[in-house]
>>> print(open('data08.txt').read())   # compact mmCIF, C-alpha atoms
# COMPACT_ATOMS: atom_id res chain seq x y z
CA MET A 1 -7.31 -26.13 8.63
CA THR A 2 -7.52 -29.88 8.40
CA ASN A 3 -10.05 -32.43 7.20
CA ARG A 4 -10.93 -30.47 4.04
CA ARG A 5 -13.89 -31.65 2.05
CA THR A 6 -13.67 -33.59 -1.17
CA ALA A 7 -14.79 -30.91 -3.58
CA GLY A 8 -17.62 -30.99 -6.07
CA ALA A 9 -17.57 -31.65 -9.77
CA ALA A 10 -15.41 -29.71 -12.21
CA ALA A 11 -16.79 -26.78 -14.19
CA SER A 12 -18.91 -27.50 -17.20
CA ARG A 13 -17.51 -26.84 -20.63
CA ARG A 14 -19.92 -23.91 -20.86
CA ASP A 15 -18.36 -22.29 -17.75
CA VAL A 16 -14.86 -22.78 -19.12
CA LEU A 17 -15.77 -21.15 -22.43
CA ARG A 18 -17.53 -18.29 -20.67
CA ILE A 19 -14.47 -17.41 -18.61
CA ALA A 20 -12.22 -17.97 -21.60
CA ALA A 21 -14.26 -15.32 -23.41
CA VAL A 22 -12.74 -12.71 -21.13
CA GLY A 23 -9.63 -13.05 -23.22
CA THR A 24 -7.19 -15.56 -24.49
CA LEU A 25 -3.46 -15.59 -24.26
CA GLY A 26 -3.15 -16.80 -27.81
CA SER A 27 -1.35 -19.80 -29.08
CA LEU A 28 1.41 -19.92 -26.52
CA VAL A 29 2.54 -23.51 -26.55
CA GLY A 30 3.51 -25.12 -29.79
CA ALA A 31 3.63 -28.75 -30.74
CA PRO A 32 6.79 -30.67 -29.86
CA SER A 33 9.56 -30.48 -32.44
CA ALA A 34 10.68 -33.51 -34.30
CA GLY A 35 13.39 -35.62 -32.76
CA ALA A 36 13.87 -36.68 -29.17
CA ALA A 37 10.87 -36.43 -26.85
CA PRO A 38 10.95 -33.44 -24.49
CA LYS A 39 12.17 -34.12 -20.99
CA PRO A 40 9.40 -34.36 -18.39
CA LEU A 41 8.87 -31.40 -16.05
CA THR A 42 8.45 -31.88 -12.33
CA PHE A 43 5.67 -29.82 -10.75
CA LEU A 44 6.24 -29.87 -6.96
CA HIS A 45 3.01 -29.29 -5.06
CA ASP A 46 1.56 -29.55 -1.58
CA SER A 47 -1.20 -32.13 -1.25
CA SER A 48 -4.54 -30.37 -1.26
CA PHE A 49 -7.12 -30.90 1.45
CA ILE A 50 -9.55 -31.05 -1.48
CA ARG A 51 -8.82 -34.43 -3.05
CA ASP A 52 -10.64 -33.60 -6.29
CA PHE A 53 -8.24 -30.70 -6.83
CA ASP A 54 -5.17 -32.92 -7.15
CA ALA A 55 -7.17 -35.56 -8.99
CA TYR A 56 -8.25 -32.99 -11.57
CA PHE A 57 -4.65 -32.11 -12.37
CA LYS A 58 -3.58 -35.73 -12.61
CA LYS A 59 -6.53 -36.89 -14.70
CA GLU A 60 -7.26 -33.79 -16.78
CA LEU A 61 -4.57 -31.12 -16.89
CA GLY A 62 -1.44 -33.26 -16.91
CA PRO A 63 -2.62 -35.56 -19.72
CA ARG A 64 -3.98 -32.58 -21.67
CA TYR A 65 -0.63 -30.80 -21.59
CA GLU A 66 1.24 -33.92 -22.65
CA LYS A 67 -1.18 -34.46 -25.53
CA GLU A 68 -0.81 -30.85 -26.71
CA THR A 69 2.94 -30.50 -26.31
CA GLY A 70 4.48 -33.94 -25.91
CA THR A 71 5.92 -32.92 -22.53
CA ARG A 72 4.96 -35.02 -19.53
CA ILE A 73 4.27 -33.26 -16.23
CA ASP A 74 5.24 -35.19 -13.12
CA TYR A 75 2.85 -33.80 -10.52
CA GLU A 76 4.80 -34.57 -7.35
CA LEU A 77 2.84 -34.15 -4.13
CA THR A 78 4.25 -33.63 -0.64
CA SER A 79 2.36 -34.27 2.57
CA VAL A 80 0.76 -31.21 4.14
CA GLY A 81 3.27 -29.04 5.97
CA THR A 82 6.42 -30.52 4.39
CA LEU A 83 6.61 -28.62 1.11
CA GLN A 84 8.97 -25.92 2.35
CA THR A 85 11.43 -28.60 3.49
CA ARG A 86 11.35 -30.05 -0.03
CA VAL A 87 11.87 -26.62 -1.54
CA SER A 88 14.94 -26.13 0.65
CA ALA A 89 16.32 -29.45 -0.56
CA VAL A 90 15.81 -28.44 -4.20
CA LEU A 91 17.60 -25.15 -3.58
CA GLU A 92 20.53 -26.88 -1.89
CA THR A 93 21.03 -29.49 -4.62
CA GLY A 94 20.00 -27.39 -7.59
CA SER A 95 17.77 -30.16 -8.92
CA GLY A 96 14.61 -32.10 -8.18
CA ALA A 97 11.85 -29.85 -9.50
CA ASP A 98 11.12 -27.30 -12.20
CA VAL A 99 7.92 -25.56 -11.13
CA VAL A 100 6.81 -25.23 -7.51
CA LEU A 101 3.89 -24.15 -5.37
CA ASN A 102 4.53 -21.37 -2.82
CA GLY A 103 2.83 -20.43 0.40
CA PHE A 104 2.78 -17.06 2.15
CA ASN A 105 5.92 -15.01 1.32
CA TRP A 106 8.17 -17.69 -0.18
CA PRO A 107 8.73 -15.80 -3.45
CA PHE A 108 10.49 -13.15 -1.39
CA LEU A 109 12.46 -15.64 0.68
CA TYR A 110 13.68 -17.46 -2.44
CA ASP A 111 13.89 -14.45 -4.73
CA GLN A 112 17.34 -15.31 -6.12
CA LYS A 113 16.29 -18.88 -6.92
CA TYR A 114 13.09 -18.02 -8.79
CA VAL A 115 12.79 -16.93 -12.42
CA ASP A 116 11.27 -13.56 -13.30
CA VAL A 117 7.78 -14.29 -14.67
CA SER A 118 6.56 -10.69 -14.93
CA ASP A 119 5.68 -11.04 -18.61
CA ILE A 120 3.46 -14.07 -17.92
CA ALA A 121 1.77 -12.35 -14.95
CA GLU A 122 0.99 -9.27 -17.02
CA GLU A 123 -0.43 -11.36 -19.89
CA VAL A 124 -2.58 -13.42 -17.52
CA GLY A 125 -3.89 -10.35 -15.71
CA LYS A 126 -4.72 -8.51 -18.91
CA ALA A 127 -6.60 -11.51 -20.31
CA GLN A 128 -8.60 -12.31 -17.17
CA GLY A 129 -9.93 -9.13 -15.66
CA GLY A 130 -6.84 -7.97 -13.79
CA TRP A 131 -5.28 -9.03 -10.50
CA TYR A 132 -6.50 -8.23 -7.00
CA ASP A 133 -4.02 -5.75 -5.55
CA VAL A 134 -3.34 -8.01 -2.57
CA ALA A 135 -2.09 -10.72 -4.94
CA LYS A 136 1.07 -8.70 -5.43
CA GLU A 137 2.00 -8.52 -1.73
CA ALA A 138 3.77 -11.87 -1.66
CA VAL A 139 4.95 -12.32 -5.26
CA VAL A 140 6.36 -8.99 -6.50
CA VAL A 141 9.94 -8.63 -5.31
CA ASN A 142 11.90 -5.50 -6.21
CA GLY A 143 9.43 -4.78 -8.98
CA LYS A 144 9.57 -8.27 -10.50
CA TRP A 145 6.91 -10.99 -10.34
CA LYS A 146 8.70 -14.02 -8.92
CA ALA A 147 5.54 -16.12 -8.95
CA ILE A 148 2.13 -16.26 -10.59
CA PRO A 149 -0.59 -15.84 -7.94
CA PHE A 150 -3.12 -18.67 -7.81
CA GLY A 151 -5.65 -18.42 -4.99
CA ASN A 152 -6.18 -17.45 -1.39
CA ILE A 153 -7.16 -19.90 1.35
CA GLY A 154 -9.27 -17.57 3.44
CA GLN A 155 -9.57 -17.64 7.24
CA LEU A 156 -12.97 -16.42 8.39
CA MET A 157 -15.50 -16.95 11.16
CA ASN A 158 -17.29 -20.32 11.27
CA TYR A 159 -20.17 -20.39 13.75
CA ARG A 160 -23.34 -22.16 14.92
CA ILE A 161 -26.26 -20.18 13.55
CA ASP A 162 -28.75 -21.89 15.85
CA TRP A 163 -26.80 -21.28 19.05
CA PHE A 164 -26.16 -17.62 18.20
CA HIS A 165 -29.87 -17.25 17.54
CA GLU A 166 -30.65 -18.67 20.99
CA VAL A 167 -28.76 -15.79 22.65
CA GLY A 168 -30.34 -13.08 20.53
CA PHE A 169 -28.08 -12.82 17.48
CA ASP A 170 -29.91 -13.41 14.21
CA LYS A 171 -26.77 -12.60 12.23
CA PHE A 172 -23.07 -12.74 13.00
CA PRO A 173 -21.85 -9.78 15.10
CA GLU A 174 -20.49 -6.81 13.17
CA THR A 175 -17.88 -5.76 15.76
CA TRP A 176 -15.48 -7.47 18.13
CA ASP A 177 -17.31 -5.90 21.07
CA GLU A 178 -20.57 -7.45 19.87
CA LEU A 179 -18.85 -10.79 19.41
CA LEU A 180 -17.60 -10.54 23.01
CA GLU A 181 -21.18 -9.95 24.15
CA ALA A 182 -22.39 -12.98 22.21
CA GLY A 183 -19.50 -15.11 23.47
CA ILE A 184 -20.21 -14.35 27.13
CA LYS A 185 -23.82 -15.46 26.69
CA LEU A 186 -22.87 -18.55 24.70
CA LYS A 187 -20.22 -19.67 27.18
CA ALA A 188 -22.78 -19.33 29.99
CA LYS A 189 -24.99 -21.76 28.07
CA GLY A 190 -22.15 -24.27 27.63
CA HIS A 191 -21.19 -23.19 24.09
CA PRO A 192 -17.79 -21.46 24.39
CA PHE A 193 -15.69 -20.14 21.52
CA GLY A 194 -12.53 -21.86 20.33
CA PHE A 195 -9.80 -19.59 18.93
CA GLU A 196 -6.36 -21.14 18.49
CA LEU A 197 -3.39 -19.53 20.26
CA GLY A 198 -0.83 -22.30 19.78
CA HIS A 199 1.93 -22.65 17.22
CA GLY A 200 -0.17 -23.64 14.24
CA PHE A 201 0.26 -22.22 10.74
CA GLY A 202 -3.13 -20.72 9.92
CA ASP A 203 -5.91 -20.60 12.45
CA ASN A 204 -3.93 -18.59 15.01
CA HIS A 205 -2.81 -15.95 12.50
CA GLY A 206 -6.34 -15.93 11.05
CA TRP A 207 -7.84 -14.05 13.99
CA VAL A 208 -4.95 -12.52 15.96
CA TYR A 209 -3.53 -10.35 13.17
CA PRO A 210 -6.93 -9.13 11.90
CA LEU A 211 -7.94 -8.27 15.48
CA MET A 212 -4.69 -6.35 15.95
CA TRP A 213 -5.06 -4.43 12.68
CA SER A 214 -8.69 -3.59 13.44
CA TYR A 215 -7.40 -1.75 16.53
CA GLY A 216 -4.88 0.17 14.43
CA ALA A 217 -1.95 -1.76 15.92
CA HIS A 218 0.92 -3.48 14.12
CA GLU A 219 4.55 -4.51 14.64
CA VAL A 220 6.47 -2.34 12.19
CA ASP A 221 5.58 0.85 10.34
CA PRO A 222 5.19 0.89 6.53
CA ASP A 223 8.79 2.10 6.30
CA GLY A 224 9.85 -1.44 7.22
CA LYS A 225 12.17 -0.13 9.92
CA THR A 226 10.32 1.53 12.79
CA VAL A 227 9.20 -1.00 15.41
CA VAL A 228 5.87 0.05 16.92
CA VAL A 229 4.70 -2.93 18.97
CA ASP A 230 4.67 -0.74 22.07
CA SER A 231 1.76 1.56 21.29
CA ASP A 232 -1.49 2.68 22.88
CA GLU A 233 -3.42 0.85 20.14
CA MET A 234 -1.61 -2.40 20.90
CA ALA A 235 -2.23 -2.03 24.63
CA ARG A 236 -5.96 -1.57 24.06
CA CYS A 237 -6.00 -4.57 21.72
CA VAL A 238 -4.14 -6.82 24.16
CA ASP A 239 -6.49 -5.79 26.96
CA PHE A 240 -9.47 -6.65 24.80
CA ALA A 241 -7.96 -9.99 23.74
CA ARG A 242 -7.41 -11.06 27.35
CA ASN A 243 -10.95 -10.16 28.30
CA PHE A 244 -12.35 -11.82 25.17
CA PHE A 245 -10.37 -15.00 25.69
CA GLN A 246 -11.08 -15.40 29.38
CA LYS A 247 -14.81 -14.71 29.07
CA THR A 248 -15.63 -16.58 25.86
CA THR A 249 -13.01 -19.15 24.95
CA LEU A 250 -11.87 -22.60 26.07
CA GLU A 251 -8.59 -22.37 27.98
CA ASP A 252 -7.29 -25.38 26.04
CA CYS A 253 -6.94 -23.13 22.98
CA LEU A 254 -3.57 -21.96 24.30
CA GLY A 255 -2.10 -25.28 23.20
CA TRP A 256 -4.18 -25.92 20.09
CA ASN A 257 -2.85 -26.57 16.61
CA ASP A 258 -4.70 -26.21 13.31
CA ALA A 259 -6.53 -29.51 13.73
CA SER A 260 -7.84 -28.79 17.20
CA ASN A 261 -10.57 -26.28 16.43
CA ASN A 262 -11.95 -28.42 13.59
CA LYS A 263 -12.32 -31.37 15.94
CA ALA A 264 -13.81 -29.25 18.71
CA TYR A 265 -16.36 -27.64 16.42
CA LEU A 266 -17.46 -30.88 14.78
CA SER A 267 -17.80 -32.53 18.19
CA GLN A 268 -20.00 -29.59 19.23
CA GLN A 269 -17.64 -28.41 21.98
CA ILE A 270 -17.42 -24.85 20.60
CA SER A 271 -19.82 -22.45 18.92
CA CYS A 272 -17.42 -20.26 16.93
CA THR A 273 -13.88 -20.37 15.56
CA ASN A 274 -11.70 -18.85 12.84
CA ASN A 275 -10.97 -21.30 10.05
CA ALA A 276 -10.99 -21.99 6.34
CA GLU A 277 -14.07 -23.31 4.54
CA SER A 278 -13.25 -26.82 5.68
CA ILE A 279 -15.49 -26.98 8.74
CA LEU A 280 -18.64 -26.39 6.72
CA TRP A 281 -17.63 -28.85 3.99
CA VAL A 282 -16.73 -31.62 6.39
CA ALA A 283 -19.88 -30.97 8.40
CA LYS A 284 -22.07 -31.26 5.31
CA ARG A 285 -20.34 -34.50 4.33
CA ASP A 286 -19.94 -36.24 7.68
CA PHE A 287 -22.18 -34.38 10.14
CA PRO A 288 -25.13 -33.13 8.06
CA GLU A 289 -27.13 -31.88 11.02
CA ILE A 290 -24.23 -29.64 12.05
CA GLY A 291 -23.76 -28.62 8.43
CA LYS A 292 -27.33 -27.29 8.28
CA VAL A 293 -26.70 -24.87 11.15
CA THR A 294 -23.15 -23.74 10.31
CA GLY A 295 -22.57 -20.20 9.07
CA GLN A 296 -19.51 -18.40 7.70
CA ALA A 297 -18.89 -14.67 8.13
CA LEU A 298 -16.33 -11.94 7.67
CA ASN A 299 -14.17 -11.05 10.66
CA PRO A 300 -15.65 -8.34 12.91
CA LYS A 301 -14.76 -4.65 12.74
CA GLY A 302 -12.56 -3.05 15.40
CA PRO A 303 -12.44 0.46 16.89
CA THR A 304 -11.02 1.78 13.60
CA GLY A 305 -14.30 0.88 11.92
CA LYS A 306 -12.48 -1.52 9.62
CA ARG A 307 -12.34 -5.30 9.33
CA PHE A 308 -9.33 -7.29 8.19
CA HIS A 309 -8.47 -10.83 7.12
CA ILE A 310 -5.31 -12.86 6.78
CA LEU A 311 -3.78 -13.38 3.35
CA ASN A 312 -2.88 -17.04 2.87
CA PRO A 313 -1.86 -17.11 -0.79
CA TRP A 314 -0.85 -19.92 -3.10
CA SER A 315 1.36 -19.06 -6.07
CA HIS A 316 3.58 -20.87 -8.59
CA SER A 317 7.23 -20.23 -9.49
CA VAL A 318 9.91 -21.55 -11.83
CA PHE A 319 13.24 -22.50 -10.26
CA THR A 320 16.36 -20.94 -11.75
CA GLY A 321 17.79 -24.45 -11.57
CA ALA A 322 14.99 -25.96 -13.68
CA SER A 323 16.14 -28.55 -16.20
CA ASP A 324 14.65 -26.39 -18.99
CA ILE A 325 13.63 -22.91 -17.87
CA GLU A 326 11.85 -22.01 -21.09
CA ALA A 327 9.88 -25.25 -21.08
CA ALA A 328 8.90 -24.60 -17.46
CA ARG A 329 7.82 -21.04 -18.30
CA LYS A 330 5.71 -22.30 -21.22
CA PHE A 331 4.00 -24.76 -18.92
CA LEU A 332 3.27 -22.06 -16.33
CA ARG A 333 1.89 -19.80 -19.05
CA TRP A 334 -0.33 -22.61 -20.35
CA LEU A 335 -1.53 -23.53 -16.86
CA ASN A 336 -2.74 -19.97 -16.30
CA GLN A 337 -4.86 -19.78 -19.42
CA PRO A 338 -8.60 -19.64 -18.61
CA GLU A 339 -9.18 -22.98 -20.35
CA GLN A 340 -7.10 -24.63 -17.64
CA LEU A 341 -7.73 -22.39 -14.64
CA ALA A 342 -11.52 -22.46 -14.78
CA GLY A 343 -11.74 -26.21 -14.41
CA TRP A 344 -9.00 -26.43 -11.78
CA PHE A 345 -10.64 -23.78 -9.61
CA ALA A 346 -14.04 -25.43 -10.00
CA SER A 347 -12.67 -28.82 -8.94
CA ALA A 348 -12.13 -27.33 -5.47
CA ASP A 349 -15.41 -25.41 -5.38
CA SER A 350 -14.35 -22.08 -3.84
CA TYR A 351 -11.67 -23.30 -1.44
CA TYR A 352 -9.00 -21.36 -3.37
CA ALA A 353 -10.39 -17.86 -3.94
CA PRO A 354 -8.93 -16.76 -7.30
CA PHE A 355 -6.77 -13.64 -7.42
CA LEU A 356 -8.12 -12.83 -10.90
CA HIS A 357 -11.25 -10.69 -11.23
CA ALA A 358 -12.52 -12.82 -14.13
CA TYR A 359 -13.66 -15.35 -11.50
CA ASP A 360 -15.47 -12.94 -9.17
CA ASN A 361 -18.83 -14.24 -10.36
CA ALA A 362 -17.82 -17.74 -11.42
CA LYS A 363 -20.40 -20.48 -11.04
CA PHE A 364 -18.50 -22.21 -8.23
CA TRP A 365 -19.30 -19.29 -5.91
CA THR A 366 -23.00 -20.13 -6.15
CA VAL A 367 -22.58 -23.84 -5.38
CA GLU A 368 -22.59 -22.91 -1.67
CA PRO A 369 -23.63 -19.26 -1.10
CA ARG A 370 -22.39 -19.43 2.50
CA ASN A 371 -18.86 -19.34 1.02
CA LEU A 372 -19.28 -15.88 -0.52
CA PRO A 373 -17.60 -14.12 2.46
CA PHE A 374 -14.35 -15.81 1.39
CA ARG A 375 -14.56 -13.96 -1.92
CA ASP A 376 -15.55 -10.72 -0.24
CA SER A 377 -12.65 -10.92 2.22
CA MET A 378 -10.04 -10.57 -0.53
CA GLU A 379 -10.11 -6.76 -0.58
CA SER A 380 -9.27 -6.56 3.12
CA SER A 381 -6.67 -9.36 3.36
CA HIS A 382 -2.97 -8.93 4.08
CA LEU A 383 0.08 -10.98 4.92
CA PRO A 384 1.11 -11.25 8.58
CA GLY A 385 3.43 -8.35 9.26
CA TRP A 386 1.46 -5.85 7.18
CA PRO A 387 1.72 -2.87 6.62
CA ALA A 388 5.49 -3.31 6.58
CA PRO A 389 6.82 -4.61 3.27
CA VAL A 390 7.82 -8.25 3.06
CA SER A 391 11.35 -8.78 4.38
CA ARG A 392 13.45 -11.43 6.04
CA PRO A 393 13.11 -9.84 9.50
CA GLN A 394 9.35 -9.71 8.99
CA ALA A 395 9.33 -13.39 8.06
CA GLU A 396 11.40 -14.19 11.16
CA VAL A 397 8.92 -12.40 13.44
CA ILE A 398 6.18 -14.61 12.01
CA ALA A 399 8.24 -17.81 12.12
CA LYS A 400 9.08 -17.22 15.79
CA TYR A 401 5.44 -16.55 16.72
CA VAL A 402 6.38 -13.29 18.41
CA ILE A 403 2.93 -11.73 18.04
CA ILE A 404 0.99 -14.94 18.65
CA ASP A 405 2.96 -15.57 21.85
CA MET A 406 2.44 -12.00 23.02
CA PHE A 407 -1.33 -12.48 22.86
CA ALA A 408 -1.15 -16.00 24.30
CA LYS A 409 0.82 -14.78 27.32
CA ALA A 410 -1.68 -11.99 27.89
CA CYS A 411 -4.63 -14.36 27.58
CA SER A 412 -3.07 -16.68 30.14
CA GLY A 413 -2.79 -13.81 32.62
CA GLY A 414 0.33 -11.87 31.69
CA ALA A 415 0.31 -8.12 32.30
CA THR A 416 -0.24 -6.03 29.17
CA LYS A 417 2.83 -3.84 29.64
CA ASP A 418 5.04 -6.89 30.25
CA VAL A 419 3.98 -8.93 27.22
CA ILE A 420 4.22 -5.88 24.96
CA LYS A 421 7.66 -4.97 26.32
CA THR A 422 8.92 -8.50 25.62
CA ALA A 423 7.50 -8.54 22.10
CA GLN A 424 8.87 -5.05 21.35
CA ALA A 425 12.37 -6.18 22.38
CA GLN A 426 12.12 -9.38 20.30
CA VAL A 427 11.04 -7.54 17.17
CA LYS A 428 13.77 -4.92 17.63
CA GLN A 429 16.37 -7.64 18.02
CA ILE A 430 15.18 -9.38 14.85
CA TYR A 431 15.32 -6.09 12.95
CA GLY A 432 18.84 -5.47 14.26
CA GLN A 433 17.87 -2.59 16.55
CA ALA A 434 18.52 -4.17 19.94
>>> encode(input="data08.txt", output="structure tokens")
Amino acid sequence: MTNRRTAGAAASRRDVLRIAAVGTLGSLVGAPSAGAAPKPLTFLHDSSFIRDFDAYFKKELGPRYEKETGTRIDYELTSVGTLQTRVSAVLETGSGADVVLNGFNWPFLYDQKYVDVSDIAEEVGKAQGGWYDVAKEAVVVNGKWKAIPFGNIGQLMNYRIDWFHEVGFDKFPETWDELLEAGIKLKAKGHPFGFELGHGFGDNHGWVYPLMWSYGAHEVDPDGKTVVVDSDEMARCVDFARNFFQKTTLEDCLGWNDASNNKAYLSQQISCTNNAESILWVAKRDFPEIGKVTGQALNPKGPTGKRFHILNPWSHSVFTGASDIEAARKFLRWLNQPEQLAGWFASADSYYAPFLHAYDNAKFWTVEPRNLPFRDSMESSHLPGWPAPVSRPQAEVIAKYVIIDMFAKACSGGATKDVIKTAQAQVKQIYGQA
């Protein structure tokens, strides 16, 4: 998920007012009291692939908040992939940041170090059309909102419309079996697929887990205890994955990271991959001829008749060790008012699909209609490890790439029963059942 496009212009004032009309949270942040100036708040954030997104906060939101409240916001950016290390440092020292961005299931992992923001989440949801149900998967811990959901970085199919058309597909295949058929024909014409199976952080999960779920397979039952890797559904899925990989995909994908498929697609080595919106945006900016023939589509359906997508959520939390918890909560409440959110979302076009229904038909979705599948994927998106509830063992299974490696071993020739047996034992050990 690299090389993200510099996003388009921010929303017009008219768009901001229109979304604000859904509801307002009232006058939530008062003017600074007389006396000493408020201490600045540090907002720790991952650098966005969309440069205009960070620029909008620095040039618009930060100065606006300081003007309204007298409190300066230090928007501290980390390089991509290093934020969690910084969060760990803050937790160890008890200082260094007040408000922080989260990825995936961090609110659960750091539950004891995050402030309960349930009241803010309820106010925001009530004022802006309600939350998508999936928004709660990674932020509600033991009934308490430990973060305010922001947006989802979707992982969908990016493909060459022209090349698919050449082999008889006028639209993207509806099922995995149909995609296999298309892939066989495309590879024969020198246009293989490119699906990552290395130890990346997005593009591998983006297709492996949805494929698995579409077959009715998963690692652990909804009870969060019963390990079910070794199932008939999983065996059928692994068999399909091996066949799919060997007949459609570049063998190099076994060692790819999240940058590899972007490079391969934009150099015209592959005809289809699973990725965020970035490939289309970069293509339109740097490779316009490729941009003209690039499509984006929902993941295919499996034998269950259902399609699934990976949930890759961003959310914001307040540290229990914040220099001023109430000041940090007031800032988070202010940030999630429609007057602020509308412009910040628009600065990134639709790269961050909002978890609030007030933005389902926002203007930024029509800037590039090919992005609409990213909005439509929200209802069928889940965290890796679903349908089991978020837990530390679940997070460990993901962190150790147990499922990714199971599929990678099968795709490189491993026997189905052997790779499943190994993965079953690993998951059981992690869940303390060995």
>>> closest_atom_pairs(input="data08.txt", of="region 123-185 of chain A", to="region 279-282 of chain A", cutoff="12 Å", atoms="all atoms listed in the file", output="JSON lines")
{"residue": "A:Gln155", "atom": "CA", "partner": "A:Ile279", "partner_atom": "CA", "distance": 11.2}
{"residue": "A:Leu156", "atom": "CA", "partner": "A:Ile279", "partner_atom": "CA", "distance": 10.9}
{"residue": "A:Met157", "atom": "CA", "partner": "A:Ile279", "partner_atom": "CA", "distance": 10.3}
{"residue": "A:Asn158", "atom": "CA", "partner": "A:Ile279", "partner_atom": "CA", "distance": 7.3}
{"residue": "A:Tyr159", "atom": "CA", "partner": "A:Leu280", "partner_atom": "CA", "distance": 9.4}
{"residue": "A:Arg160", "atom": "CA", "partner": "A:Leu280", "partner_atom": "CA", "distance": 10.4}
{"residue": "A:Ile161", "atom": "CA", "partner": "A:Leu280", "partner_atom": "CA", "distance": 12.0}
>>> closest_residue(input="data08.txt", among="A:Ala346, A:Gln433, A:Arg329, A:Asn312", to="Ile50 (chain A)", atoms="all atoms listed in the file")
A:Ala346
>>> atom_distance(input="data08.txt", atom1="CA of Thr71 (chain A)", atom2="CA of Glu326 (chain A)")
12.5 Å
>>> residues_around(input="data08.txt", residues="Ile120 (chain A)", least_positions_apart="2", cutoff="9 Å", atoms="all atoms listed in the file", output="PyMOL selection string")
chain A and resi 117-118+122-125+145+148+329+332-333+336
>>> axis_aligned_box(input="data08.txt", around="region 150-163 of chain A", padding_each_side="8 Å", output="AutoDock Vina command-line options")
--center_x -15.9 --center_y -19.3 --center_z 5.6 --size_x 41.6 --size_y 21.7 --size_z 42.9
>>> closest_residue(input="data08.txt", among="A:Arg242, A:Lys189, A:Arg64, A:His165", to="Gly413 (chain A)", atoms="all atoms listed in the file")
A:Arg242
>>> residues_around(input="data08.txt", residues="region 132-139 of chain A", least_positions_apart="3", cutoff="6 Å", atoms="only C-alpha atoms", output="number ranges by chain")
A: 105, 107, 145-147, 355
>>> closest_residue(input="data08.txt", among="A:Glu368, A:Asn257, A:Gln268, A:Tyr351", to="Lys284 (chain A)", atoms="all atoms listed in the file")
A:Glu368
>>> atom_distance(input="data08.txt", atom1="CA of Asn142 (chain A)", atom2="CA of Tyr359 (chain A)")
27.9 Å
>>> closest_residue(input="data08.txt", among="A:Val419, A:Gln426, A:Tyr431, A:Glu174", to="Ser391 (chain A)", atoms="all atoms listed in the file")
A:Tyr431
>>> closest_residue(input="data08.txt", among="A:Val115, A:Met234, A:Ala283, A:Leu179", to="Ala297 (chain A)", atoms="only C-alpha atoms")
A:Leu179
>>> build_atoms(input="data08.txt", residues="region 188-200 of chain A", atoms="N, CA and C atoms", output="short mmCIF file (atom, residue, chain, number, x, y, z; two decimals), keeping the file's coordinate frame")
data_model
loop_
_atom_site.label_atom_id
_atom_site.label_comp_id
_atom_site.auth_asym_id
_atom_site.auth_seq_id
_atom_site.Cartn_x
_atom_site.Cartn_y
_atom_site.Cartn_z
N ALA A 188 -21.90 -19.09 28.83
CA ALA A 188 -22.78 -19.33 29.99
C ALA A 188 -23.76 -20.47 29.72
N LYS A 189 -24.07 -20.68 28.44
CA LYS A 189 -24.99 -21.76 28.07
C LYS A 189 -24.25 -23.04 27.69
N GLY A 190 -22.93 -23.07 27.93
CA GLY A 190 -22.15 -24.27 27.63
C GLY A 190 -21.66 -24.37 26.20
N HIS A 191 -21.63 -23.21 25.48
CA HIS A 191 -21.19 -23.19 24.09
C HIS A 191 -20.06 -22.17 23.92
N PRO A 192 -18.88 -22.42 24.48
CA PRO A 192 -17.79 -21.46 24.39
C PRO A 192 -17.23 -21.33 22.97
N PHE A 193 -16.42 -20.30 22.77
CA PHE A 193 -15.69 -20.14 21.52
C PHE A 193 -14.43 -20.98 21.56
N GLY A 194 -13.78 -21.13 20.40
CA GLY A 194 -12.53 -21.86 20.33
C GLY A 194 -11.58 -21.24 19.33
N PHE A 195 -10.73 -20.29 19.79
CA PHE A 195 -9.80 -19.59 18.93
C PHE A 195 -8.36 -20.01 19.26
N GLU A 196 -7.70 -20.58 18.26
CA GLU A 196 -6.36 -21.14 18.49
C GLU A 196 -5.33 -20.07 18.86
N LEU A 197 -4.51 -20.40 19.87
CA LEU A 197 -3.39 -19.53 20.26
C LEU A 197 -2.10 -20.33 20.39
N GLY A 198 -2.05 -21.51 19.78
CA GLY A 198 -0.83 -22.30 19.78
C GLY A 198 0.02 -21.99 18.57
N HIS A 199 0.99 -22.88 18.31
CA HIS A 199 1.93 -22.65 17.22
C HIS A 199 1.51 -23.40 15.96
N GLY A 200 0.29 -23.11 15.51
CA GLY A 200 -0.17 -23.64 14.24
C GLY A 200 0.32 -22.77 13.10
#
